[in-house]
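Heads up, protein_0.pdb below (PDB, C-alpha atoms):
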ATOM      1  CA  MET A   1     156.545  21.710 125.817
ATOM      2  CA  SER A   2     159.075  21.746 123.009
ATOM      3  CA  THR A   3     160.798  18.751 124.593
ATOM      4  CA  PHE A   4     157.517  16.912 124.506
ATOM      5  CA  ARG A   5     157.040  17.727 120.847
ATOM      6  CA  VAL A   6     160.481  16.330 120.083
ATOM      7  CA  TRP A   7     159.527  13.116 121.897
ATOM      8  CA  GLY A   8     156.306  12.938 119.949
ATOM      9  CA  LEU A   9     157.988  13.498 116.640
ATOM     10  CA  SER A  10     160.625  10.900 117.478
ATOM     11  CA  ALA A  11     157.931   8.378 118.251
ATOM     12  CA  CYS A  12     156.278   8.960 114.927
ATOM     13  CA  LEU A  13     159.492   8.765 113.001
ATOM     14  CA  LEU A  14     160.861   5.733 114.765
ATOM     15  CA  THR A  15     158.520   2.906 115.544
ATOM     16  CA  ALA A  16     155.987   0.903 117.761
ATOM     17  CA  PRO A  17     152.676   0.051 120.103
ATOM     18  CA  ALA A  18     153.479   1.317 123.343
ATOM     19  CA  PHE A  19     150.301   1.394 125.080
ATOM     20  CA  ALA A  20     147.988  -1.225 126.040
ATOM     21  CA  LYS A  21     145.553  -1.328 123.207
ATOM     22  CA  PRO A  22     141.998  -0.360 124.160
ATOM     23  CA  ILE A  23     140.605  -3.240 122.084
ATOM     24  CA  ALA A  24     141.851  -6.702 122.957
ATOM     25  CA  TYR A  25     140.315  -8.936 120.281
ATOM     26  CA  GLN A  26     136.865 -10.055 119.166
ATOM     27  CA  GLY A  27     135.062 -11.415 122.197
ATOM     28  CA  GLY A  28     137.853 -10.344 124.541
ATOM     29  CA  THR A  29     137.586  -8.489 127.817
ATOM     30  CA  ALA A  30     140.371  -6.200 129.001
ATOM     31  CA  LEU A  31     140.868  -5.035 132.569
ATOM     32  CA  MET A  32     143.413  -2.241 132.984
ATOM     33  CA  GLY A  33     144.767  -0.221 135.849
ATOM     34  CA  GLU A  34     147.384   2.507 135.984
ATOM     35  CA  TYR A  35     149.116   4.384 138.753
ATOM     36  CA  GLY A  36     150.714   7.455 137.232
ATOM     37  CA  ALA A  37     153.257   8.736 139.740
ATOM     38  CA  GLY A  38     150.664  10.168 142.113
ATOM     39  CA  THR A  39     149.152  12.477 139.497
ATOM     40  CA  MET A  40     146.779  10.051 137.809
ATOM     41  CA  THR A  41     145.209   6.777 138.843
ATOM     42  CA  GLU A  42     142.902   5.026 136.402
ATOM     43  CA  ALA A  43     140.946   1.789 136.209
ATOM     44  CA  GLN A  44     139.186   0.579 133.067
ATOM     45  CA  ALA A  45     137.187  -2.427 131.879
ATOM     46  CA  PHE A  46     136.338  -2.964 128.205
ATOM     47  CA  TYR A  47     134.580  -5.644 126.211
ATOM     48  CA  ALA A  48     135.224  -5.966 122.465
ATOM     49  CA  PRO A  49     132.401  -7.476 120.347
ATOM     50  CA  SER A  50     134.705  -6.982 117.359
ATOM     51  CA  TYR A  51     138.400  -6.312 116.872
ATOM     52  CA  ARG A  52     137.284  -2.924 115.523
ATOM     53  CA  TRP A  53     135.550  -1.589 118.611
ATOM     54  CA  SER A  54     135.084  -2.003 122.322
ATOM     55  CA  ALA A  55     133.060  -0.327 125.049
ATOM     56  CA  GLY A  56     133.340  -0.129 128.756
ATOM     57  CA  VAL A  57     133.673   1.898 131.900
ATOM     58  CA  GLY A  58     136.476   3.650 133.713
ATOM     59  CA  HIS A  59     137.368   5.806 136.642
ATOM     60  CA  LEU A  60     140.074   8.449 136.581
ATOM     61  CA  ARG A  61     141.508  10.161 139.648
ATOM     62  CA  LEU A  62     143.743  13.187 139.142
ATOM     63  CA  ASP A  63     145.765  15.018 141.795
ATOM     64  CA  ALA A  64     147.557  18.223 140.864
ATOM     65  CA  ASP A  65     151.259  17.988 141.660
ATOM     66  CA  ASP A  66     151.123  21.171 143.749
ATOM     67  CA  GLY A  67     148.195  19.831 145.772
ATOM     68  CA  ASP A  68     145.848  22.605 144.626
ATOM     69  CA  PHE A  69     143.014  20.334 143.461
ATOM     70  CA  SER A  70     141.917  16.807 142.713
ATOM     71  CA  ARG A  71     139.352  15.360 140.278
ATOM     72  CA  ASP A  72     137.381  12.148 140.103
ATOM     73  CA  ILE A  73     135.822  11.237 136.785
ATOM     74  CA  THR A  74     133.707   8.143 136.228
ATOM     75  CA  TYR A  75     132.932   7.510 132.582
ATOM     76  CA  LEU A  76     131.504   5.328 129.856
ATOM     77  CA  ARG A  77     133.694   5.068 126.790
ATOM     78  CA  GLY A  78     133.684   3.600 123.307
ATOM     79  CA  ASN A  79     136.948   2.744 121.516
ATOM     80  CA  LEU A  80     137.296   2.448 117.777
ATOM     81  CA  LEU A  81     140.096   1.016 115.685
ATOM     82  CA  LEU A  82     140.164   3.607 112.903
ATOM     83  CA  HIS A  83     142.824   1.916 110.832
ATOM     84  CA  ARG A  84     145.259  -0.974 111.061
ATOM     85  CA  TRP A  85     148.217  -1.817 108.872
ATOM     86  CA  ASN A  86     149.250  -5.467 109.029
ATOM     87  CA  LEU A  87     152.754  -5.809 107.625
ATOM     88  CA  PRO A  88     154.900  -8.960 107.369
ATOM     89  CA  ARG A  89     156.936  -8.060 110.443
ATOM     90  CA  ALA A  90     155.090  -5.098 111.898
ATOM     91  CA  GLN A  91     151.726  -3.678 112.790
ATOM     92  CA  ALA A  92     150.514  -0.089 113.062
ATOM     93  CA  ASN A  93     147.223   1.163 114.448
ATOM     94  CA  VAL A  94     145.172   4.315 114.796
ATOM     95  CA  PHE A  95     142.607   4.282 117.604
ATOM     96  CA  GLY A  96     140.072   6.890 118.599
ATOM     97  CA  TRP A  97     137.724   6.987 121.580
ATOM     98  CA  GLY A  98     135.166   9.118 123.294
ATOM     99  CA  GLY A  99     132.570   9.029 126.003
ATOM    100  CA  VAL A 100     130.640  10.747 128.735
ATOM    101  CA  GLY A 101     130.781  10.697 132.473
ATOM    102  CA  SER A 102     130.332  12.371 135.786
ATOM    103  CA  ALA A 103     133.065  14.459 137.370
ATOM    104  CA  ASP A 104     133.722  15.788 140.810
ATOM    105  CA  SER A 105     136.473  18.349 141.218
ATOM    106  CA  SER A 106     137.709  19.888 144.450
ATOM    107  CA  ASP A 107     138.066  23.293 142.794
ATOM    108  CA  THR A 108     134.435  23.470 141.596
ATOM    109  CA  THR A 109     131.110  22.825 143.285
ATOM    110  CA  GLY A 110     128.845  19.874 142.585
ATOM    111  CA  ARG A 111     129.149  16.963 140.195
ATOM    112  CA  LYS A 112     129.384  17.862 136.552
ATOM    113  CA  PHE A 113     128.633  16.190 133.262
ATOM    114  CA  ALA A 114     131.966  15.460 131.601
ATOM    115  CA  TRP A 115     133.115  14.568 128.111
ATOM    116  CA  ASN A 116     136.185  12.591 127.219
ATOM    117  CA  ALA A 117     137.916  11.968 123.918
ATOM    118  CA  GLY A 118     141.277  10.738 122.813
ATOM    119  CA  GLY A 119     143.350   8.769 120.386
ATOM    120  CA  GLN A 120     146.439   6.674 119.945
ATOM    121  CA  ILE A 121     148.778   5.849 117.121
ATOM    122  CA  ASP A 122     151.230   3.027 117.477
ATOM    123  CA  TYR A 123     153.721   1.074 115.445
ATOM    124  CA  GLU A 124     155.222  -2.196 116.616
ATOM    125  CA  THR A 125     157.694  -4.795 115.481
ATOM    126  CA  LEU A 126     158.943  -7.823 117.381
ATOM    127  CA  ARG A 127     161.751  -5.823 118.952
ATOM    128  CA  PHE A 128     160.781  -2.129 118.835
ATOM    129  CA  TYR A 129     157.707  -0.142 119.456
ATOM    130  CA  SER A 130     156.453   3.401 119.731
ATOM    131  CA  SER A 131     153.193   5.052 120.523
ATOM    132  CA  LEU A 132     151.677   8.451 120.945
ATOM    133  CA  ARG A 133     148.473   8.891 122.893
ATOM    134  CA  THR A 134     146.293  11.791 123.918
ATOM    135  CA  ASP A 135     143.412  11.903 126.414
ATOM    136  CA  TRP A 136     141.194  14.928 126.876
ATOM    137  CA  GLN A 137     138.580  15.537 129.576
ATOM    138  CA  TYR A 138     136.173  18.421 129.631
ATOM    139  CA  ALA A 139     133.375  19.588 131.940
ATOM    140  CA  LYS A 140     131.503  22.774 131.123
ATOM    141  CA  ASP A 141     132.071  25.418 133.822
ATOM    142  CA  GLY A 142     134.405  22.917 135.419
ATOM    143  CA  PHE A 143     137.671  21.981 133.801
ATOM    144  CA  SER A 144     139.481  21.067 130.639
ATOM    145  CA  HIS A 145     142.719  19.168 130.619
ATOM    146  CA  ARG A 146     144.686  16.832 128.400
ATOM    147  CA  ILE A 147     147.176  14.063 129.114
ATOM    148  CA  ASP A 148     149.605  13.320 126.281
ATOM    149  CA  THR A 149     151.936  10.340 126.504
ATOM    150  CA  VAL A 150     154.713   9.047 124.283
ATOM    151  CA  GLN A 151     156.404   5.681 124.720
ATOM    152  CA  LEU A 152     159.376   4.123 122.980
ATOM    153  CA  GLY A 153     160.257   0.516 123.707
ATOM    154  CA  TRP A 154     162.839  -2.127 122.945
ATOM    155  CA  ALA A 155     162.729  -5.876 123.565
ATOM    156  CA  PRO A 156     166.191  -7.101 124.640
ATOM    157  CA  TYR A 157     165.538 -10.639 123.363
ATOM    158  CA  PRO A 158     163.146 -12.111 120.815
ATOM    159  CA  HIS A 159     160.057 -13.432 122.509
ATOM    160  CA  ASP A 160     157.545 -15.865 121.216
ATOM    161  CA  TRP A 161     154.033 -16.878 121.952
ATOM    162  CA  ASP A 162     154.827 -19.138 124.871
ATOM    163  CA  ARG A 163     157.675 -17.143 126.424
ATOM    164  CA  LEU A 164     157.720 -14.299 128.889
ATOM    165  CA  ALA A 165     158.141 -11.082 126.895
ATOM    166  CA  THR A 166     160.240  -8.274 128.329
ATOM    167  CA  TRP A 167     160.280  -4.718 127.082
ATOM    168  CA  LEU A 168     162.361  -1.776 128.251
ATOM    169  CA  LEU A 169     160.804   1.567 127.575
ATOM    170  CA  VAL A 170     160.963   5.259 128.111
ATOM    171  CA  GLN A 171     157.900   7.383 128.531
ATOM    172  CA  ALA A 172     157.259  11.110 128.478
ATOM    173  CA  ARG A 173     153.972  12.517 129.699
ATOM    174  CA  ASP A 174     152.604  16.030 129.527
ATOM    175  CA  TYR A 175     149.606  17.201 131.556
ATOM    176  CA  THR A 176     147.731  20.403 130.757
ATOM    177  CA  GLY A 177     145.257  22.247 132.967
ATOM    178  CA  GLY A 178     147.630  22.765 135.883
ATOM    179  CA  LEU A 179     147.912  19.098 136.777
ATOM    180  CA  TYR A 180     151.688  18.865 136.483
ATOM    181  CA  ASP A 181     154.349  21.403 135.780
ATOM    182  CA  GLY A 182     156.521  20.370 132.831
ATOM    183  CA  VAL A 183     157.041  17.060 131.078
ATOM    184  CA  GLU A 184     157.293  13.937 133.225
ATOM    185  CA  PRO A 185     159.778  11.373 131.846
ATOM    186  CA  ALA A 186     159.836   7.804 133.151
ATOM    187  CA  ALA A 187     161.779   4.585 132.586
ATOM    188  CA  LEU A 188     159.774   1.370 132.650
ATOM    189  CA  VAL A 189     160.014  -2.393 132.381
ATOM    190  CA  ARG A 190     157.086  -4.230 130.829
ATOM    191  CA  LEU A 191     156.443  -7.951 131.101
ATOM    192  CA  PHE A 192     153.727  -9.986 129.479
ATOM    193  CA  LYS A 193     152.846 -13.619 129.305
ATOM    194  CA  ASN A 194     150.121 -15.610 127.647
ATOM    195  CA  GLY A 195     148.214 -18.265 129.480
ATOM    196  CA  ARG A 196     145.846 -20.758 127.900
ATOM    197  CA  THR A 197     142.846 -18.467 128.324
ATOM    198  CA  THR A 198     144.247 -15.294 129.859
ATOM    199  CA  ALA A 199     147.085 -12.919 129.029
ATOM    200  CA  PHE A 200     148.832 -10.852 131.691
ATOM    201  CA  TRP A 201     150.648  -7.573 131.222
ATOM    202  CA  ILE A 202     152.417  -5.569 133.888
ATOM    203  CA  GLU A 203     154.768  -2.622 133.664
ATOM    204  CA  ALA A 204     156.494  -0.648 136.364
ATOM    205  CA  GLY A 205     159.171   1.985 136.635
ATOM    206  CA  VAL A 206     160.064   5.358 138.036
ATOM    207  CA  THR A 207     159.580   8.909 136.896
ATOM    208  CA  ILE A 208     162.315  11.513 136.944
ATOM    209  CA  ASP A 209     160.956  12.582 140.359
ATOM    210  CA  GLY A 210     161.563   9.070 141.679
ATOM    211  CA  ARG A 211     157.859   8.232 141.820
ATOM    212  CA  LEU A 212     156.295   4.921 140.908
ATOM    213  CA  GLN A 213     154.733   4.650 137.458
ATOM    214  CA  SER A 214     152.946   1.351 136.909
ATOM    215  CA  MET A 215     150.261  -0.339 134.909
ATOM    216  CA  PHE A 216     148.652  -3.744 134.522
ATOM    217  CA  MET A 217     146.331  -5.319 131.998
ATOM    218  CA  ILE A 218     144.563  -8.649 131.856
ATOM    219  CA  ASN A 219     142.911  -9.955 128.688
ATOM    220  CA  PHE A 220     140.535 -12.888 128.727
TER     221      PHE A 220
ATOM    222  CA  MET B 221     144.481 -68.427  95.885
ATOM    223  CA  THR B 222     144.697 -68.033  99.661
ATOM    224  CA  ARG B 223     148.203 -66.643  99.325
ATOM    225  CA  PHE B 224     146.944 -64.140  96.757
ATOM    226  CA  LEU B 225     144.138 -62.980  99.040
ATOM    227  CA  ILE B 226     146.497 -62.560 102.014
ATOM    228  CA  THR B 227     148.931 -60.602  99.881
ATOM    229  CA  ALA B 228     146.152 -58.356  98.567
ATOM    230  CA  LEU B 229     144.796 -57.763 102.050
ATOM    231  CA  LEU B 230     148.231 -56.912 103.430
ATOM    232  CA  SER B 231     148.852 -54.522 100.545
ATOM    233  CA  ALA B 232     145.542 -52.809 101.192
ATOM    234  CA  VAL B 233     146.272 -52.437 104.910
ATOM    235  CA  LEU B 234     149.763 -51.066 104.273
ATOM    236  CA  SER B 235     148.505 -48.674 101.614
ATOM    237  CA  PHE B 236     145.840 -47.373 103.946
ATOM    238  CA  ALA B 237     148.411 -46.944 106.726
ATOM    239  CA  ALA B 238     150.701 -45.016 104.356
ATOM    240  CA  TRP B 239     147.808 -42.861 103.168
ATOM    241  CA  ALA B 240     146.704 -42.179 106.736
ATOM    242  CA  ASN B 241     150.260 -41.250 107.664
ATOM    243  CA  ASP B 242     150.483 -38.760 104.792
ATOM    244  CA  ALA B 243     147.043 -37.263 105.407
ATOM    245  CA  PRO B 244     147.196 -33.601 106.395
ATOM    246  CA  ARG B 245     147.454 -33.288 110.148
ATOM    247  CA  THR B 246     148.422 -29.665 110.292
ATOM    248  CA  ILE B 247     147.406 -26.440 108.573
ATOM    249  CA  GLU B 248     150.107 -23.794 108.397
ATOM    250  CA  MET B 249     149.206 -20.155 107.832
ATOM    251  CA  LYS B 250     151.406 -17.158 107.114
ATOM    252  CA  VAL B 251     149.923 -14.132 108.838
ATOM    253  CA  ASP B 252     150.813 -10.447 108.530
ATOM    254  CA  GLY B 253     150.744  -8.157 111.564
ATOM    255  CA  LEU B 254     151.618 -10.926 113.979
ATOM    256  CA  VAL B 255     154.133  -9.132 116.192
ATOM    257  CA  CYS B 256     152.649  -8.979 119.662
ATOM    258  CA  ALA B 257     152.087 -12.173 121.635
ATOM    259  CA  PHE B 258     149.796 -10.361 124.028
ATOM    260  CA  CYS B 259     147.593  -9.024 121.251
ATOM    261  CA  ALA B 260     147.500 -12.242 119.229
ATOM    262  CA  GLN B 261     145.956 -14.217 122.045
ATOM    263  CA  GLY B 262     142.593 -13.950 120.283
ATOM    264  CA  ILE B 263     143.879 -16.007 117.360
ATOM    265  CA  SER B 264     144.832 -18.890 119.592
ATOM    266  CA  LYS B 265     141.517 -18.837 121.405
ATOM    267  CA  LYS B 266     139.407 -18.702 118.242
ATOM    268  CA  LEU B 267     141.280 -21.393 116.346
ATOM    269  CA  GLY B 268     141.528 -23.608 119.414
ATOM    270  CA  LYS B 269     137.736 -23.602 119.802
ATOM    271  CA  MET B 270     137.087 -24.980 116.304
ATOM    272  CA  ASP B 271     135.585 -28.475 116.164
ATOM    273  CA  ALA B 272     138.282 -29.798 113.844
ATOM    274  CA  THR B 273     141.340 -28.492 115.682
ATOM    275  CA  SER B 274     143.162 -30.077 118.574
ATOM    276  CA  ASP B 275     145.973 -27.578 119.169
ATOM    277  CA  VAL B 276     147.315 -24.205 117.993
ATOM    278  CA  LEU B 277     150.902 -23.110 117.407
ATOM    279  CA  VAL B 278     151.835 -19.426 117.089
ATOM    280  CA  ASN B 279     155.329 -18.419 115.987
ATOM    281  CA  LEU B 280     155.856 -14.672 115.967
ATOM    282  CA  GLU B 281     159.384 -14.732 114.522
ATOM    283  CA  ASN B 282     158.094 -16.313 111.332
ATOM    284  CA  GLY B 283     154.614 -14.824 111.309
ATOM    285  CA  LEU B 284     153.221 -18.332 111.381
ATOM    286  CA  VAL B 285     150.075 -19.797 112.884
ATOM    287  CA  ALA B 286     149.439 -23.547 112.685
ATOM    288  CA  VAL B 287     146.587 -25.743 113.816
ATOM    289  CA  SER B 288     146.721 -29.484 114.294
ATOM    290  CA  LEU B 289     143.678 -31.355 113.043
ATOM    291  CA  LYS B 290     141.720 -34.022 114.816
ATOM    292  CA  PRO B 291     141.827 -37.371 112.942
ATOM    293  CA  GLY B 292     139.614 -37.302 109.862
ATOM    294  CA  LYS B 293     138.709 -33.625 110.316
ATOM    295  CA  ASP B 294     139.501 -30.516 108.279
ATOM    296  CA  VAL B 295     138.693 -26.808 108.242
ATOM    297  CA  LYS B 296     137.672 -24.857 105.163
ATOM    298  CA  ASP B 297     140.102 -22.190 103.978
ATOM    299  CA  GLU B 298     137.378 -19.542 104.080
ATOM    300  CA  ASP B 299     136.676 -20.359 107.743
ATOM    301  CA  LEU B 300     140.352 -19.928 108.582
ATOM    302  CA  ARG B 301     140.534 -16.696 106.620
ATOM    303  CA  SER B 302     137.465 -15.222 108.307
ATOM    304  CA  THR B 303     138.690 -16.263 111.742
ATOM    305  CA  LEU B 304     142.031 -14.520 111.249
ATOM    306  CA  THR B 305     140.417 -11.468 109.640
ATOM    307  CA  ASP B 306     137.932 -11.202 112.514
ATOM    308  CA  ALA B 307     140.862 -11.360 114.914
ATOM    309  CA  GLY B 308     142.358  -8.316 113.169
ATOM    310  CA  TYR B 309     145.109  -9.947 111.116
ATOM    311  CA  THR B 310     145.809 -10.517 107.440
ATOM    312  CA  LEU B 311     146.125 -14.081 106.178
ATOM    313  CA  GLN B 312     148.744 -14.442 103.431
ATOM    314  CA  SER B 313     148.785 -18.159 102.700
ATOM    315  CA  ILE B 314     147.451 -21.535 103.817
ATOM    316  CA  GLU B 315     149.275 -24.826 103.458
ATOM    317  CA  ARG B 316     148.243 -28.310 104.541
ATOM    318  CA  THR B 317     151.013 -30.588 105.696
ATOM    319  CA  SER B 318     151.581 -33.923 107.391
ATOM    320  CA  GLU B 319     154.198 -32.416 109.718
ATOM    321  CA  THR B 320     153.622 -32.507 113.447
ATOM    322  CA  PHE B 321     154.056 -29.410 115.622
ATOM    323  CA  GLU B 322     157.364 -30.817 116.855
ATOM    324  CA  GLU B 323     158.601 -31.182 113.279
ATOM    325  CA  ILE B 324     157.484 -27.633 112.472
ATOM    326  CA  ARG B 325     159.241 -26.272 115.565
ATOM    327  CA  THR B 326     162.439 -28.120 114.614
ATOM    328  CA  ARG B 327     162.248 -26.775 111.063
ATOM    329  CA  LEU B 328     161.700 -23.217 112.247
ATOM    330  CA  LYS B 329     164.591 -23.441 114.709
ATOM    331  CA  SER B 330     166.986 -24.655 112.026
ATOM    332  CA  LYS B 331     165.906 -21.838 109.694
ATOM    333  CA  PRO B 332     168.821 -19.449 109.073
TER     334      PRO B 332
END
Now, as a test, write the supplied structure out as structure tokens.
Amino acid sequence: MSTFRVWGLSACLLTAPAFAKPIAYQGGTALMGEYGAGTMTEAQAFYAPSYRWSAGVGHLRLDADDGDFSRDITYLRGNLLLHRWNLPRAQANVFGWGGVGSADSSDTTGRKFAWNAGGQIDYETLRFYSSLRTDWQYAKDGFSHRIDTVQLGWAPYPHDWDRLATWLLVQARDYTGGLYDGVEPAALVRLFKNGRTTAFWIEAGVTIDGRLQSMFMINF
Amino acid sequence: MTRFLITALLSAVLSFAAWANDAPRTIEMKVDGLVCAFCAQGISKKLGKMDATSDVLVNLENGLVAVSLKPGKDVKDEDLRSTLTDAGYTLQSIERTSETFEEIRTRLKSKP
């Protein structure tokens, strides 16, 4: 855990937006999917009536690394941009979100009402980025766990609007609630490209266990 | 008299052509927070949908957004400001110019 805290502190002190932002832009729809090294698999769809908030649905599948249990959580969620700093060559954001859903866990009986909440801070320049994100899920008499993720990224060449952007990043993820033992580091490559009406984002890499960590996002 | 009229007419035509050539064709905007091409897609879509605009140029390195105007059309500054604010960015300045996008790109490339 102390290693994770060092990563988190480093992210705050250095820079960047690491994660896909939960709010695309006013009038934008974001479709996201993530495969997290066999421990988490998540799909989300959000619509943003304003650049300050979005709402949508998601499904999260969690499999404990020791095979003891699995959880399926389907949820509704609202995302809020709490604060944004627009600087001449940088941007920083604070997001918060929360929602409700229905959860099914192999270590409890019956479907349960579940809460979710989380947040993200990020700071980004044209060449560096960092982000710190936390996601918490809770079901009374069921489970409580948190997924904390830190990313640090670097763009090896300057990219512009009409060019393919490439980012190299490192990620550290910590699961609570018995989902994964220890901190899970990963190395990733992220690519994104704008089309006339749609933007595509894909990232893929491996964790320290040699497992696939990947994510995609489409904004339109 | 005929010669005078022809000369006057020619002068008027040439003056109009010169004026039309110098008329603003492009609006250049300096924008803060413009660092992520993926996230700034909304700007391009919003500005591109305006009645008066024919194309949008986004340059992240210089924090610049430009729109080319359809002939005889213009966009109010407050409309540009609200569009960029609604997209989540901060507009710093607006400048009207007769430069084409190609000329702007060339200028930006030659910038030290």
If you take only C-alpha atoms and a cut-off of 8 Å, which residues of chain B touch chain A, and what are their nearest atom pairs and distances in Å to one decimal, in chain and number order, as CSV?
residue,atom,partner,partner_atom,distance
B:Val251,CA,A:Pro88,CA,7.3
B:Asp252,CA,A:Pro88,CA,4.5
B:Gly253,CA,A:Asn86,CA,4.0
B:Leu254,CA,A:Arg89,CA,7.0
B:Val255,CA,A:Leu126,CA,5.1
B:Cys256,CA,A:Leu126,CA,6.8
B:Ala257,CA,A:Trp161,CA,5.1
B:Phe258,CA,A:Ala199,CA,6.2
B:Cys259,CA,A:Ala24,CA,6.4
B:Ala260,CA,A:Tyr25,CA,8.0
B:Gln261,CA,A:Asn194,CA,7.1
B:Gly262,CA,A:Tyr25,CA,5.5
B:Lys265,CA,A:Thr197,CA,7.1
B:Val278,CA,A:Trp161,CA,5.9
B:Asn279,CA,A:Asp160,CA,6.2
B:Leu280,CA,A:Asp160,CA,5.6
B:Glu281,CA,A:Asp160,CA,7.0
B:Gly283,CA,A:Pro88,CA,7.1
B:Asp306,CA,A:Tyr51,CA,6.6
B:Ala307,CA,A:Tyr25,CA,5.9
B:Gly308,CA,A:Tyr51,CA,5.8
B:Tyr309,CA,A:Asn86,CA,6.4
B:Thr310,CA,A:Asn86,CA,6.3
Quick one: of B:Ile263, B:Ile226, B:Ile324, B:Leu304, who's nearest to Ser288 (chain B), counting only C-alpha atoms?
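Checking each of B:Ile263, B:Ile226, B:Ile324, B:Leu304 against Ser288 (chain B), counting only C-alpha atoms, the winner is B:Ile324.
The protein and nucleic acid residues lying at most 10 Å from Tyr35 (chain A) are Met40, Thr41, Glu42, Ala43, Arg61, Ala204, Leu212, Gln213, Ser214, Met215 and Phe216 of chain A, with all atoms listed in the file considered and sequence neighbours fewer than 5 positions away removed.
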Given only C-alpha atoms as the basis, pick out the residue of A:Gly119, A:Gly58, A:Gly33, A:Gly142 nearest to Gly101 (chain A).
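Checking each candidate against Gly101 (chain A), we get A:Gly58 as the closest.
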Taking the file as shown, what set of residues would the PyMOL selection byres ((chain A and resi 111) around 12) give back, as a PyMOL selection string?
chain A and resi 71-74+101-110+112-114+139-143
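Put simply, CA of Arg190 (chain A) is 24.6 Å away from CA of Leu80 (chain A).
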Residues selected by the PyMOL selection byres ((chain A and resi 182) around 12), written as a PyMOL selection string:
chain A and resi 1-4+65+147-148+172-181+183-185+208-209
Go ahead and write the residues just picked, C-alpha atoms, as an mmCIF file, in the frame of the given file.
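Saved result, out12.cif, follows:
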data_model
loop_
_atom_site.group_PDB
_atom_site.id
_atom_site.type_symbol
_atom_site.label_atom_id
_atom_site.label_comp_id
_atom_site.auth_asym_id
_atom_site.auth_seq_id
_atom_site.Cartn_x
_atom_site.Cartn_y
_atom_site.Cartn_z
ATOM 1 C CA MET A 1 156.545 21.710 125.817
ATOM 2 C CA SER A 2 159.075 21.746 123.009
ATOM 3 C CA THR A 3 160.798 18.751 124.593
ATOM 4 C CA PHE A 4 157.517 16.912 124.506
ATOM 5 C CA ASP A 65 151.259 17.988 141.660
ATOM 6 C CA ILE A 147 147.176 14.063 129.114
ATOM 7 C CA ASP A 148 149.605 13.320 126.281
ATOM 8 C CA ALA A 172 157.259 11.110 128.478
ATOM 9 C CA ARG A 173 153.972 12.517 129.699
ATOM 10 C CA ASP A 174 152.604 16.030 129.527
ATOM 11 C CA TYR A 175 149.606 17.201 131.556
ATOM 12 C CA THR A 176 147.731 20.403 130.757
ATOM 13 C CA GLY A 177 145.257 22.247 132.967
ATOM 14 C CA GLY A 178 147.630 22.765 135.883
ATOM 15 C CA LEU A 179 147.912 19.098 136.777
ATOM 16 C CA TYR A 180 151.688 18.865 136.483
ATOM 17 C CA ASP A 181 154.349 21.403 135.780
ATOM 18 C CA VAL A 183 157.041 17.060 131.078
ATOM 19 C CA GLU A 184 157.293 13.937 133.225
ATOM 20 C CA PRO A 185 159.778 11.373 131.846
ATOM 21 C CA ILE A 208 162.315 11.513 136.944
ATOM 22 C CA ASP A 209 160.956 12.582 140.359
#
Report the centre and edge lengths, in Å to one decimal, of an axis-aligned box enclosing every atom of region 22-40 of chain A listed in the file, padded by 3 Å on each side, as JSON.
{"center_x": 144.2, "center_y": 0.5, "center_z": 130.6, "size_x": 24.2, "size_y": 29.9, "size_z": 28.9}
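When all atoms listed in the file are used to measure the gap to Leu277 (chain B), the shortest distance among B:Arg245, B:Pro291, B:Arg325, B:Leu300 belongs to B:Arg325.
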CA of Asp63 (chain A) to CA of Val150 (chain A), distance in Å rounded to a single decimal:
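For CA of Asp63 (chain A) relative to CA of Val150 (chain A), the distance reads 20.6 Å.
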How far is it from CA of Ser144 (chain A) to CA of Phe95 (chain A), in Å with one decimal?
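Result for CA of Ser144 (chain A) versus CA of Phe95 (chain A): 21.5 Å, one decimal.
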Point (160.6, -1.1, 119.9), cut-off 7 Å, counting only C-alpha atoms, residues as a tab-separated table (two decimals) with C-alpha atoms, keeping the file's coordinate frame:
chain	number	residue	atom	x	y	z
A	15	THR	CA	158.52	2.91	115.54
A	16	ALA	CA	155.99	0.90	117.76
A	124	GLU	CA	155.22	-2.20	116.62
A	125	THR	CA	157.69	-4.80	115.48
A	127	ARG	CA	161.75	-5.82	118.95
A	128	PHE	CA	160.78	-2.13	118.84
A	129	TYR	CA	157.71	-0.14	119.46
A	130	SER	CA	156.45	3.40	119.73
A	152	LEU	CA	159.38	4.12	122.98
A	153	GLY	CA	160.26	0.52	123.71
A	154	TRP	CA	162.84	-2.13	122.94
A	155	ALA	CA	162.73	-5.88	123.56
As a count of residues only, please: the residues near Val206 (chain A) (cut-off 7 Å, only C-alpha atoms, same-chain neighbours under 3 positions excluded).
7
Between B:Asp271, B:Glu248, B:Glu315, B:Glu323, which residue has the minimum interatomic distance to Asp294 (chain B), considering all atoms listed in the file?
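Of all the options, B:Asp271 lies closest to Asp294 (chain B).
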Excluding Ile314 (chain B) and residues on its chain fewer than 5 positions from it, collect all residues at most 12 Å away from it, counting only C-alpha atoms, and give them as a short mmCIF file (atom, residue, chain, number, x, y, z; two decimals) with C-alpha atoms, in the frame of the given file.
data_model
loop_
_atom_site.label_atom_id
_atom_site.label_comp_id
_atom_site.auth_asym_id
_atom_site.auth_seq_id
_atom_site.Cartn_x
_atom_site.Cartn_y
_atom_site.Cartn_z
CA THR B 246 148.42 -29.66 110.29
CA ILE B 247 147.41 -26.44 108.57
CA GLU B 248 150.11 -23.79 108.40
CA MET B 249 149.21 -20.16 107.83
CA LYS B 250 151.41 -17.16 107.11
CA VAL B 251 149.92 -14.13 108.84
CA LEU B 284 153.22 -18.33 111.38
CA VAL B 285 150.07 -19.80 112.88
CA ALA B 286 149.44 -23.55 112.68
CA VAL B 287 146.59 -25.74 113.82
CA VAL B 295 138.69 -26.81 108.24
CA LYS B 296 137.67 -24.86 105.16
CA ASP B 297 140.10 -22.19 103.98
CA GLU B 298 137.38 -19.54 104.08
CA ASP B 299 136.68 -20.36 107.74
CA LEU B 300 140.35 -19.93 108.58
CA ARG B 301 140.53 -16.70 106.62
CA LEU B 304 142.03 -14.52 111.25
#
